[in-house]
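Chemist: I'd like to ask you about the structure that follows.
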Amino acid sequence: MADKGISVKDLSVYYGDHKAVKNVTIDFNNKDVTALIGPSGCGKSTFLRTLNRMNDLIPSARMTGEIWIGDEDINHPKTDVVLLRRRIGMVWQRPNPFHKSIYENIAFGPRYHGITKKSELDDLVEESLRKAALWEETKDRLHTSALKLSGGQQQRLCIARSIAVKPDIILMDEPASALDPVSTSKVEELISELKEDYCIVIVTHNMHQAARVSSKTAFFLSGELIEYDNTETMFTNPSKKETSDYISGRFG
Amino acid sequence: MRAKTVDKIATGVIIGVAAFIVLLLAGLLGFILVRGLGHLSFDFLTSPPDSFREGGGIGPQLFNSLFLLVLTMIITIPLGIGAGIYMSEYAKANKLTDFIRLVVEVLSSFPSIVVGLFGLLMLVNYFGLGFSLMAGALALTVFNLPLMVRITEQGLKSVPREQKEAALALGLTKWKTISSIMLPIALPIILSGTILAAGRVFGEAAALLFTAGMSSPRLDFSEWNPLNPVSPLNPFRPAETLAVHIWKINSEGLAPDAPEIAAGASAVLVITVLLFNLLARWLGRFMHRKFTATK
């Protein structure tokens with residue numbers, strides 16, 4: 001597993017009869033940030049949720065096509081979904097810390113995966129919180145409820161929680177859209193730092209955010225992947241008309 | 001102007017209705033307590049009843065009620081929570097699931113006297129349990145199970161989807177997600193369902209007449225071997241509960257102070273339910289805090 005990027009081949013996702021994602025083929029590089037942009041309902045969140053098989057939870061959803069992570073077909077019947085999801089972190093639009101203490105939010109996953117020594121857990125909690133730039137703000141109240149944190153802090157806690165189980169990939173579904181500008185810029189800074197170590201795929205409605213944090217951008221429209229290129233090229237010289245219309249704010 | 005008037009009238013009516021209910025409850029509670037409290041004494045609470053003479057107590061009945069509650073809950077809670085988890089998290093949305101849900105609904109609206117007769121035929125006679133605490137507990141389980149199942153299902157369904165997804169995304173198994181993340185969040189709802197079910201155990205008489213029976217053998221409270229017929233802990237002995245006792249002495253009590261005993265027993269019943277409620281709520285808050293680290 002040298003290359004832990006993601007390779008998607010001819011992926012379609014249906015909700016009942018509705019085809020939400022249409023024949024998408026795309027590769028994501030390891031140690032890189034890829035932004036998925038497009039108007040609401042274009043299928044980008046659905047697409048993101050197929051990458052860690054979170055759509056399995058929705059009874060009406062089914063998919064065709066292939067998704068490879070490294071050399072593993074994630075939809076193969078023999079694939080262990082639990083193990084797969086452990087390797088793929090996820091961050092949601094609304095911060096969703098567990099109803100537990102700050103410490104427990106981070107320690108819960110690693111402990112479940114076999115780290116039981118308190119000193120090791122303590123170190124891991126500190127390391128994860130430091131990576132998420134949250135350590136200084138929380139080190140004196142690690143054992144108070146995570147729900148007492150502000151929205152921005154909660155979101156950084158959720159990022160810390162997902163990196164504590166040492167994933168290869170982090171999926172982010174509009175991670176900053178429920179946050180104020182200050183928190184947003186903190187989360188964006190964090191994403192830029194995290195790309196040193198992870199393959200990050202981020203869905204965003206915010207063009208500027210896509211331009212700031214990502215090195216590649218994919219534009220979705222009505223379930224189709226319209227264009228996929230380096231972010232700079234996409235924003236300065238897109239090859240498709242729909243892309244330039246959307247980016248320049250003519251619709252969406 | 002008109003909309004404002006309507007709004008004022010609506011507010012008035014709603015406050016009026018609420019006040020009426022509060023008054024009704026306070027009146028009822030006051031009536032029961034005023035009539036009954038005078039009769040309460042340590043002796044009344046601990047001594048056995050006397051069928052013909054004055055001065056009988058309600059000791060065994062009070063104990064029976066509590067013991068029956070414990071027995072019923074030991075059976076009901078695991079079954080109800082298990083089935084509720086199944087309905088909420090494992091059952092696929094299909095005809096069979098809909099049918100199970102329908103059965104649960106129907107079961108919950110069964111008249112308790114019918115449950116009692118069913119208990120008499122099936123548990124007491126067919127399975128040969130006789131008039132016993134166990135037969136009573138099983139009949140009450142039939143009675144309470146639908147409530148527990150539905151409440152557990154509702155509690156789990158009310159857990160935000162993102163909480164479940166966050167747990168799964170960390171690589172937790174389904175069971176670990178349910179047991180460590182979802183159940184603690186659903187706990188307050190499940191607990192209030194449990195309190196409701198428990199309240200029904202205290203208050204139920206009809207379902208117990210033919211199952212737990214209307215008599216209590218002479219109990220020896222120093223005998224703690226559950227297999228001994230005179231032991232209070234024996235689950236296979238007949239056991240008249242407080243609610244059944246109230247019904248009995250009100251309808252066929254021969255003791256000259258029967259009305260006072262009924263009033264006193266009613267007050268004890270109400271106070272016990274009240275105390276149990278408070279205790280359960282406190283325990284629930286304590287557990288919720290412990291699991292979720294909220295203060």
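Each chain in the structure tokens gets a letter, A, B and so on, in the order shown; residues start at 1 in every chain, and ligands are counted from 1 in the order they appear.
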Find the residues near stretch 236-246 of chain B: any atom within 6 Å, counting only C-alpha atoms, skip ones fewer than 5 places away on the same chain, and give them as a list in words.

Modeler: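 With the cut-off at 6 Å, the set is Gln61, Leu62, Asn64, Ser65, Phe131, Ser132, Leu133, Met134, Gly203, Ala205, Ala212, Gly213, Met214, Ser215, Ser216 and Ala262 of chain B.
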
Chemist: Could you write out the selected residues, including N, CA and C atoms, as a PDB file, in the first residue's frame?

Modeler:
```
ATOM      1  N   GLN B  61     -48.092  -6.797  51.673  1.00  0.00           N
ATOM      2  CA  GLN B  61     -48.549  -6.257  50.388  1.00  0.00           C
ATOM      3  C   GLN B  61     -47.558  -5.239  49.832  1.00  0.00           C
ATOM      4  N   LEU B  62     -47.070  -4.382  50.748  1.00  0.00           N
ATOM      5  CA  LEU B  62     -46.098  -3.379  50.309  1.00  0.00           C
ATOM      6  C   LEU B  62     -44.847  -4.077  49.779  1.00  0.00           C
ATOM      7  N   ASN B  64     -44.691  -7.133  48.629  1.00  0.00           N
ATOM      8  CA  ASN B  64     -45.038  -7.818  47.384  1.00  0.00           C
ATOM      9  C   ASN B  64     -45.004  -6.883  46.188  1.00  0.00           C
ATOM     10  N   SER B  65     -45.562  -5.678  46.380  1.00  0.00           N
ATOM     11  CA  SER B  65     -45.578  -4.707  45.281  1.00  0.00           C
ATOM     12  C   SER B  65     -44.164  -4.405  44.811  1.00  0.00           C
ATOM     13  N   PHE B 131     -50.981 -19.564  41.255  1.00  0.00           N
ATOM     14  CA  PHE B 131     -51.005 -18.143  41.611  1.00  0.00           C
ATOM     15  C   PHE B 131     -49.651 -17.813  42.199  1.00  0.00           C
ATOM     16  N   SER B 132     -48.869 -17.063  41.487  1.00  0.00           N
ATOM     17  CA  SER B 132     -47.523 -16.798  41.996  1.00  0.00           C
ATOM     18  C   SER B 132     -46.997 -15.469  41.495  1.00  0.00           C
ATOM     19  N   LEU B 133     -45.996 -14.976  42.189  1.00  0.00           N
ATOM     20  CA  LEU B 133     -45.331 -13.743  41.782  1.00  0.00           C
ATOM     21  C   LEU B 133     -44.811 -13.864  40.361  1.00  0.00           C
ATOM     22  N   MET B 134     -44.273 -15.063  40.035  1.00  0.00           N
ATOM     23  CA  MET B 134     -43.701 -15.251  38.711  1.00  0.00           C
ATOM     24  C   MET B 134     -44.784 -15.108  37.646  1.00  0.00           C
ATOM     25  N   GLY B 203     -49.523   0.196  40.012  1.00  0.00           N
ATOM     26  CA  GLY B 203     -50.943   0.498  40.039  1.00  0.00           C
ATOM     27  C   GLY B 203     -51.827  -0.625  39.540  1.00  0.00           C
ATOM     28  N   ALA B 205     -54.055  -3.758  39.028  1.00  0.00           N
ATOM     29  CA  ALA B 205     -54.746  -4.731  39.874  1.00  0.00           C
ATOM     30  C   ALA B 205     -55.376  -5.825  39.008  1.00  0.00           C
ATOM     31  N   ALA B 212     -51.039 -13.231  40.140  1.00  0.00           N
ATOM     32  CA  ALA B 212     -50.292 -13.217  41.400  1.00  0.00           C
ATOM     33  C   ALA B 212     -51.210 -13.610  42.557  1.00  0.00           C
ATOM     34  N   GLY B 213     -52.499 -13.522  42.334  1.00  0.00           N
ATOM     35  CA  GLY B 213     -53.453 -13.984  43.333  1.00  0.00           C
ATOM     36  C   GLY B 213     -53.868 -12.911  44.319  1.00  0.00           C
ATOM     37  N   MET B 214     -54.853 -13.286  45.164  1.00  0.00           N
ATOM     38  CA  MET B 214     -55.408 -12.313  46.102  1.00  0.00           C
ATOM     39  C   MET B 214     -55.095 -12.685  47.538  1.00  0.00           C
ATOM     40  N   SER B 215     -54.107 -13.540  47.697  1.00  0.00           N
ATOM     41  CA  SER B 215     -53.766 -13.902  49.073  1.00  0.00           C
ATOM     42  C   SER B 215     -52.260 -13.867  49.234  1.00  0.00           C
ATOM     43  N   SER B 216     -51.848 -13.732  50.452  1.00  0.00           N
ATOM     44  CA  SER B 216     -50.432 -13.761  50.736  1.00  0.00           C
ATOM     45  C   SER B 216     -50.217 -14.782  51.835  1.00  0.00           C
ATOM     46  N   ALA B 262     -57.952   0.993  53.554  1.00  0.00           N
ATOM     47  CA  ALA B 262     -57.916   1.274  52.116  1.00  0.00           C
ATOM     48  C   ALA B 262     -57.349   2.665  51.866  1.00  0.00           C
TER      49      ALA B 262
END
```

Chemist: Sorted by chain and rising residue number, which residues of stretch 55-158 of chain A lie within 10 Å of stretch 10-25 of chain A, and what are their closest atom pairs and distances in Å to one decimal, counting only C-alpha atoms, as a Markdown table?

Modeler:
```
| residue | atom | partner | partner_atom | distance |
| --- | --- | --- | --- | --- |
| A:Asn55 | CA | A:Val13 | CA | 9.4 |
| A:Ile58 | CA | A:Tyr15 | CA | 8.7 |
| A:Pro59 | CA | A:Tyr15 | CA | 8.7 |
| A:Ser60 | CA | A:Gly16 | CA | 5.3 |
| A:Ala61 | CA | A:Tyr15 | CA | 4.5 |
| A:Arg62 | CA | A:Tyr14 | CA | 5.4 |
| A:Met63 | CA | A:Val13 | CA | 4.3 |
| A:Thr64 | CA | A:Ser12 | CA | 5.2 |
| A:Gly65 | CA | A:Leu11 | CA | 4.2 |
| A:Glu66 | CA | A:Leu11 | CA | 6.1 |
| A:Ile67 | CA | A:Leu11 | CA | 7.6 |
```

Chemist: Can you list every residue of chain B that has an atom at most 10 Å from chain A, with its nearest atom pair and the distance in Å to one decimal, using only C-alpha atoms, ordered by chain then number, as JSON lines?

Modeler:
```
{"residue": "B:Lys92", "atom": "CA", "partner": "A:Pro59", "partner_atom": "CA", "distance": 8.2}
{"residue": "B:Ala93", "atom": "CA", "partner": "A:Pro59", "partner_atom": "CA", "distance": 8.2}
{"residue": "B:Pro160", "atom": "CA", "partner": "A:Asn96", "partner_atom": "CA", "distance": 8.9}
{"residue": "B:Arg161", "atom": "CA", "partner": "A:Asn96", "partner_atom": "CA", "distance": 9.6}
{"residue": "B:Glu162", "atom": "CA", "partner": "A:Asn96", "partner_atom": "CA", "distance": 6.2}
{"residue": "B:Gln163", "atom": "CA", "partner": "A:Asn96", "partner_atom": "CA", "distance": 6.2}
{"residue": "B:Lys164", "atom": "CA", "partner": "A:Phe98", "partner_atom": "CA", "distance": 9.4}
{"residue": "B:Glu165", "atom": "CA", "partner": "A:Met54", "partner_atom": "CA", "distance": 7.3}
{"residue": "B:Ala166", "atom": "CA", "partner": "A:Met90", "partner_atom": "CA", "distance": 7.3}
{"residue": "B:Ala167", "atom": "CA", "partner": "A:Gly109", "partner_atom": "CA", "distance": 8.2}
{"residue": "B:Leu168", "atom": "CA", "partner": "A:Arg85", "partner_atom": "CA", "distance": 7.0}
{"residue": "B:Ala169", "atom": "CA", "partner": "A:Arg85", "partner_atom": "CA", "distance": 5.1}
{"residue": "B:Leu170", "atom": "CA", "partner": "A:Arg86", "partner_atom": "CA", "distance": 5.1}
{"residue": "B:Gly171", "atom": "CA", "partner": "A:Arg86", "partner_atom": "CA", "distance": 3.9}
{"residue": "B:Leu172", "atom": "CA", "partner": "A:Val82", "partner_atom": "CA", "distance": 6.3}
{"residue": "B:Thr173", "atom": "CA", "partner": "A:Val82", "partner_atom": "CA", "distance": 6.0}
{"residue": "B:Lys174", "atom": "CA", "partner": "A:Val82", "partner_atom": "CA", "distance": 8.6}
{"residue": "B:Lys176", "atom": "CA", "partner": "A:Tyr112", "partner_atom": "CA", "distance": 8.9}
{"residue": "B:Ser180", "atom": "CA", "partner": "A:Phe108", "partner_atom": "CA", "distance": 9.5}
{"residue": "B:Ile181", "atom": "CA", "partner": "A:Phe98", "partner_atom": "CA", "distance": 7.2}
{"residue": "B:Met182", "atom": "CA", "partner": "A:Phe98", "partner_atom": "CA", "distance": 9.5}
{"residue": "B:Pro184", "atom": "CA", "partner": "A:His99", "partner_atom": "CA", "distance": 8.5}
{"residue": "B:Ile185", "atom": "CA", "partner": "A:His99", "partner_atom": "CA", "distance": 7.3}
{"residue": "B:His288", "atom": "CA", "partner": "A:His99", "partner_atom": "CA", "distance": 9.7}
{"residue": "B:Arg289", "atom": "CA", "partner": "A:Lys100", "partner_atom": "CA", "distance": 9.0}
{"residue": "B:Lys290", "atom": "CA", "partner": "A:Lys100", "partner_atom": "CA", "distance": 8.9}
{"residue": "B:Phe291", "atom": "CA", "partner": "A:Lys100", "partner_atom": "CA", "distance": 6.8}
{"residue": "B:Thr292", "atom": "CA", "partner": "A:Lys100", "partner_atom": "CA", "distance": 4.2}
{"residue": "B:Ala293", "atom": "CA", "partner": "A:Lys100", "partner_atom": "CA", "distance": 5.0}
{"residue": "B:Thr294", "atom": "CA", "partner": "A:Ser145", "partner_atom": "CA", "distance": 5.1}
{"residue": "B:Lys295", "atom": "CA", "partner": "A:Ser145", "partner_atom": "CA", "distance": 7.4}
```

Chemist: Using only C-alpha atoms, which residues sit within 8 Å of B:Leu147 once same-chain residues fewer than 5 positions away are excluded, as a list in words?

Modeler: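 My reading of the contact set: Gly80, Ser108, Gly193 and Ala197 of chain B.
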
Chemist: As an exercise, work out the distance from atom CA of A:Glu189 to atom CA of A:Asp245 in Å and give it to one decimal place.

Modeler: 28.1 Å

Chemist: What's around B:Leu79 at 12 Å? Count only C-alpha atoms, leave out sequence neighbours fewer than 2 positions away in its own chain, and write the answer as a tab-separated table (two decimals) with C-alpha atoms, in the first residue's frame.

Modeler:
```tsv
chain	number	residue	atom	x	y	z
B	72	THR	CA	-41.18	-7.64	36.32
B	73	MET	CA	-38.45	-5.16	35.48
B	74	ILE	CA	-35.76	-7.85	35.47
B	75	ILE	CA	-37.76	-9.60	32.75
B	76	THR	CA	-39.15	-6.56	30.93
B	77	ILE	CA	-36.13	-4.29	30.63
B	81	ILE	CA	-34.61	-2.84	25.16
B	82	GLY	CA	-33.36	-5.74	23.05
B	83	ALA	CA	-36.45	-5.76	20.88
B	84	GLY	CA	-36.41	-1.96	20.68
B	85	ILE	CA	-32.80	-2.00	19.47
B	86	TYR	CA	-33.76	-4.59	16.89
B	138	LEU	CA	-44.87	-12.53	33.36
B	141	THR	CA	-44.34	-8.24	31.19
B	142	VAL	CA	-46.87	-8.98	28.45
B	144	ASN	CA	-45.40	-3.60	29.65
B	145	LEU	CA	-43.25	-5.02	26.88
B	146	PRO	CA	-44.90	-3.03	24.06
B	147	LEU	CA	-44.28	0.19	25.94
B	148	MET	CA	-40.60	-0.64	26.52
B	149	VAL	CA	-40.08	-1.70	22.90
B	150	ARG	CA	-41.68	1.42	21.50
B	152	THR	CA	-36.52	2.22	23.20
```

Chemist: Using DSSP assignments from the backbone, pull out every residue in stretch 93-204 of chain A that falls under strand (DSSP E) and give it to me as a ChimeraX atom specification.

Modeler: /A:169-173,199-203

Chemist: From a DSSP pass on the backbone, collect the residues of stretch 76-165 of chain A flagged as alpha helix (DSSP H) and hand them back as a VMD selection string.

Modeler: chain A and resid 81 to 86 102 to 112 118 to 131 135 to 138 151 to 164

Chemist: Save the residues we just selected, N, CA and C atoms, as a compact mmCIF listing (two decimals), in the first residue's frame?

Modeler:
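This went into part.txt:
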```txt
# COMPACT_ATOMS: atom_id res chain seq x y z
N VAL A 81 -15.94 -3.56 6.28
CA VAL A 81 -16.33 -2.14 6.28
C VAL A 81 -15.82 -1.43 7.52
N VAL A 82 -15.85 -2.12 8.65
CA VAL A 82 -15.42 -1.51 9.90
C VAL A 82 -13.95 -1.10 9.81
N LEU A 83 -13.14 -2.02 9.27
CA LEU A 83 -11.71 -1.75 9.12
C LEU A 83 -11.48 -0.63 8.09
N LEU A 84 -12.28 -0.68 7.03
CA LEU A 84 -12.15 0.32 5.98
C LEU A 84 -12.42 1.72 6.54
N ARG A 85 -13.52 1.84 7.31
CA ARG A 85 -13.90 3.16 7.81
C ARG A 85 -12.88 3.68 8.81
N ARG A 86 -12.20 2.75 9.48
CA ARG A 86 -11.18 3.19 10.42
C ARG A 86 -10.07 3.93 9.70
N ILE A 102 -14.17 16.12 26.40
CA ILE A 102 -13.23 16.40 25.32
C ILE A 102 -12.24 15.26 25.18
N TYR A 103 -11.70 14.83 26.33
CA TYR A 103 -10.73 13.75 26.35
C TYR A 103 -11.32 12.47 25.75
N GLU A 104 -12.53 12.14 26.19
CA GLU A 104 -13.16 10.91 25.72
C GLU A 104 -13.47 10.94 24.23
N ASN A 105 -13.82 12.12 23.73
CA ASN A 105 -14.10 12.23 22.30
C ASN A 105 -12.92 11.74 21.48
N ILE A 106 -11.71 12.10 21.95
CA ILE A 106 -10.52 11.70 21.20
C ILE A 106 -10.12 10.27 21.55
N ALA A 107 -10.14 9.95 22.84
CA ALA A 107 -9.59 8.67 23.29
C ALA A 107 -10.49 7.49 22.94
N PHE A 108 -11.75 7.77 22.68
CA PHE A 108 -12.71 6.70 22.51
C PHE A 108 -12.34 5.74 21.36
N GLY A 109 -12.05 6.31 20.20
CA GLY A 109 -11.71 5.48 19.04
C GLY A 109 -10.44 4.66 19.27
N PRO A 110 -9.31 5.33 19.58
CA PRO A 110 -8.06 4.60 19.78
C PRO A 110 -8.17 3.52 20.86
N ARG A 111 -8.88 3.82 21.94
CA ARG A 111 -9.02 2.82 23.00
C ARG A 111 -9.76 1.60 22.46
N TYR A 112 -10.79 1.87 21.69
CA TYR A 112 -11.55 0.77 21.12
C TYR A 112 -10.66 -0.06 20.17
N LYS A 118 -2.94 4.19 29.78
CA LYS A 118 -3.40 5.56 29.98
C LYS A 118 -2.38 6.57 29.47
N SER A 119 -1.09 6.28 29.71
CA SER A 119 -0.08 7.25 29.30
C SER A 119 -0.08 7.39 27.77
N GLU A 120 -0.23 6.27 27.08
CA GLU A 120 -0.27 6.31 25.62
C GLU A 120 -1.46 7.12 25.13
N LEU A 121 -2.63 6.87 25.78
CA LEU A 121 -3.84 7.60 25.40
C LEU A 121 -3.67 9.09 25.67
N ASP A 122 -3.10 9.41 26.84
CA ASP A 122 -2.88 10.82 27.17
C ASP A 122 -2.05 11.50 26.09
N ASP A 123 -0.98 10.80 25.68
CA ASP A 123 -0.10 11.37 24.65
C ASP A 123 -0.85 11.57 23.34
N LEU A 124 -1.65 10.56 23.01
CA LEU A 124 -2.37 10.62 21.75
C LEU A 124 -3.39 11.75 21.74
N VAL A 125 -4.06 11.93 22.89
CA VAL A 125 -5.04 13.01 22.99
C VAL A 125 -4.34 14.35 22.80
N GLU A 126 -3.20 14.51 23.49
CA GLU A 126 -2.47 15.78 23.36
C GLU A 126 -2.01 16.00 21.92
N GLU A 127 -1.43 14.95 21.35
CA GLU A 127 -0.91 15.05 19.99
C GLU A 127 -2.03 15.43 19.00
N SER A 128 -3.18 14.75 19.14
CA SER A 128 -4.28 15.01 18.22
C SER A 128 -4.82 16.43 18.39
N LEU A 129 -4.96 16.84 19.65
CA LEU A 129 -5.46 18.19 19.90
C LEU A 129 -4.48 19.25 19.41
N ARG A 130 -3.19 18.96 19.57
CA ARG A 130 -2.18 19.91 19.07
C ARG A 130 -2.26 20.03 17.55
N LYS A 131 -2.39 18.87 16.89
CA LYS A 131 -2.51 18.89 15.43
C LYS A 131 -3.71 19.69 14.99
N TRP A 135 -5.20 22.38 21.45
CA TRP A 135 -4.62 21.98 22.74
C TRP A 135 -4.60 23.12 23.74
N GLU A 136 -4.10 24.27 23.29
CA GLU A 136 -3.95 25.40 24.22
C GLU A 136 -5.30 25.80 24.83
N GLU A 137 -6.34 25.72 24.02
CA GLU A 137 -7.65 26.17 24.50
C GLU A 137 -8.32 25.16 25.41
N THR A 138 -7.91 23.90 25.33
CA THR A 138 -8.67 22.88 26.05
C THR A 138 -7.88 22.11 27.10
N GLY A 151 -18.79 26.38 18.49
CA GLY A 151 -18.95 25.63 17.25
C GLY A 151 -17.64 25.37 16.54
N GLY A 152 -16.80 26.41 16.45
CA GLY A 152 -15.52 26.24 15.78
C GLY A 152 -14.61 25.28 16.50
N GLN A 153 -14.61 25.40 17.83
CA GLN A 153 -13.80 24.47 18.63
C GLN A 153 -14.30 23.04 18.48
N GLN A 154 -15.62 22.90 18.47
CA GLN A 154 -16.20 21.56 18.31
C GLN A 154 -15.77 20.95 16.98
N GLN A 155 -15.75 21.78 15.94
CA GLN A 155 -15.38 21.24 14.63
C GLN A 155 -13.92 20.81 14.62
N ARG A 156 -13.05 21.61 15.26
CA ARG A 156 -11.64 21.21 15.32
C ARG A 156 -11.49 19.95 16.18
N LEU A 157 -12.34 19.84 17.20
CA LEU A 157 -12.32 18.62 18.02
C LEU A 157 -12.70 17.40 17.15
N CYS A 158 -13.68 17.60 16.29
CA CYS A 158 -14.10 16.49 15.42
C CYS A 158 -12.96 16.09 14.48
N ILE A 159 -12.21 17.08 14.01
CA ILE A 159 -11.06 16.76 13.16
C ILE A 159 -10.01 16.01 13.97
N ALA A 160 -9.77 16.50 15.21
CA ALA A 160 -8.82 15.81 16.08
C ALA A 160 -9.26 14.38 16.35
N ARG A 161 -10.55 14.21 16.55
CA ARG A 161 -11.09 12.87 16.81
C ARG A 161 -10.81 11.95 15.63
N SER A 162 -10.99 12.48 14.42
CA SER A 162 -10.81 11.60 13.27
C SER A 162 -9.34 11.29 13.02
N ILE A 163 -8.43 12.24 13.32
CA ILE A 163 -7.02 11.91 13.08
C ILE A 163 -6.43 11.06 14.20
N ALA A 164 -7.12 10.98 15.34
CA ALA A 164 -6.59 10.19 16.46
C ALA A 164 -6.55 8.70 16.14
```

Chemist: Return the single residue from A:Ala132, A:Ala35, A:Ile200, A:Leu142 that is closest to A:Val187, with distances computed using only C-alpha atoms.

Modeler: A:Ala132

Chemist: I'd like the contact shell of A:Lys216 - 10 Å cut-off, only C-alpha atoms, skipping same-chain residues fewer than 3 positions apart - returned as a list in words.

Modeler: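 Result of the neighbour search: Phe28, Asn29, Asp32, Val33, Thr34, Ala35, Leu36, Val201, Ala210, Ala211, Val213, Tyr228, Asp229, Asn230, Thr231, Glu232, Thr233 and Met234 of chain A.
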
Chemist: Within 12 Å of A:Lys240, counting only C-alpha atoms, which residues show up once you throw out same-chain ones fewer than 2 positions away? Write them as JSON, numbers by chain, please.

Modeler: {"A": [219, 220, 221, 225, 226, 227, 228, 229, 233, 234, 235, 236, 237, 238, 242, 243, 244, 245, 246, 247]}

Chemist: For N, CA and C atoms, I'd like the residues from the last selection saved as a compact mmCIF listing (two decimals), in the first residue's frame.

Modeler:
```txt
# COMPACT_ATOMS: atom_id res chain seq x y z
N PHE A 219 -15.41 19.82 -10.43
CA PHE A 219 -16.68 20.52 -10.50
C PHE A 219 -17.79 19.55 -10.88
N PHE A 220 -18.80 19.44 -10.03
CA PHE A 220 -19.95 18.56 -10.27
C PHE A 220 -21.16 19.39 -10.66
N LEU A 221 -21.95 18.84 -11.58
CA LEU A 221 -23.21 19.49 -11.93
C LEU A 221 -24.22 18.40 -12.26
N LEU A 225 -19.54 14.67 -13.30
CA LEU A 225 -18.27 15.36 -13.10
C LEU A 225 -17.98 16.13 -14.39
N ILE A 226 -18.06 17.46 -14.30
CA ILE A 226 -17.91 18.28 -15.50
C ILE A 226 -16.43 18.49 -15.82
N GLU A 227 -15.68 18.86 -14.78
CA GLU A 227 -14.28 19.16 -15.03
C GLU A 227 -13.44 18.88 -13.78
N TYR A 228 -12.23 18.44 -14.01
CA TYR A 228 -11.34 18.11 -12.90
C TYR A 228 -9.94 18.51 -13.29
N ASP A 229 -9.35 19.43 -12.52
CA ASP A 229 -8.03 19.92 -12.92
C ASP A 229 -7.33 20.54 -11.71
N THR A 233 -5.76 26.22 -12.43
CA THR A 233 -6.28 26.18 -13.80
C THR A 233 -7.79 26.33 -13.79
N MET A 234 -8.45 25.61 -12.85
CA MET A 234 -9.91 25.65 -12.79
C MET A 234 -10.41 27.07 -12.56
N PHE A 235 -9.71 27.82 -11.71
CA PHE A 235 -10.22 29.14 -11.35
C PHE A 235 -9.77 30.24 -12.30
N THR A 236 -8.68 29.99 -13.03
CA THR A 236 -8.24 31.05 -13.93
C THR A 236 -8.56 30.75 -15.39
N ASN A 237 -8.53 29.47 -15.74
CA ASN A 237 -8.68 29.17 -17.15
C ASN A 237 -9.42 27.84 -17.36
N PRO A 238 -10.68 27.75 -16.90
CA PRO A 238 -11.39 26.48 -17.03
C PRO A 238 -11.69 26.17 -18.50
N GLU A 242 -19.61 25.60 -18.45
CA GLU A 242 -20.35 25.47 -17.19
C GLU A 242 -19.46 25.81 -16.00
N THR A 243 -18.22 25.35 -16.06
CA THR A 243 -17.31 25.61 -14.94
C THR A 243 -17.09 27.11 -14.77
N SER A 244 -16.79 27.78 -15.86
CA SER A 244 -16.50 29.22 -15.72
C SER A 244 -17.75 29.96 -15.31
N ASP A 245 -18.93 29.53 -15.80
CA ASP A 245 -20.19 30.16 -15.37
C ASP A 245 -20.39 30.02 -13.88
N TYR A 246 -20.14 28.81 -13.38
CA TYR A 246 -20.39 28.57 -11.95
C TYR A 246 -19.39 29.33 -11.10
N ILE A 247 -18.11 29.25 -11.51
CA ILE A 247 -17.07 29.88 -10.70
C ILE A 247 -17.22 31.39 -10.69
```

Chemist: At a cut-off of 8 Å, using only C-alpha atoms, what residues contact B:Ala198? Leave out same-chain residues fewer than 3 positions from it and give the result as an MDAnalysis selection string.

Modeler: chainID B and resid 69 73 194:195 201:202
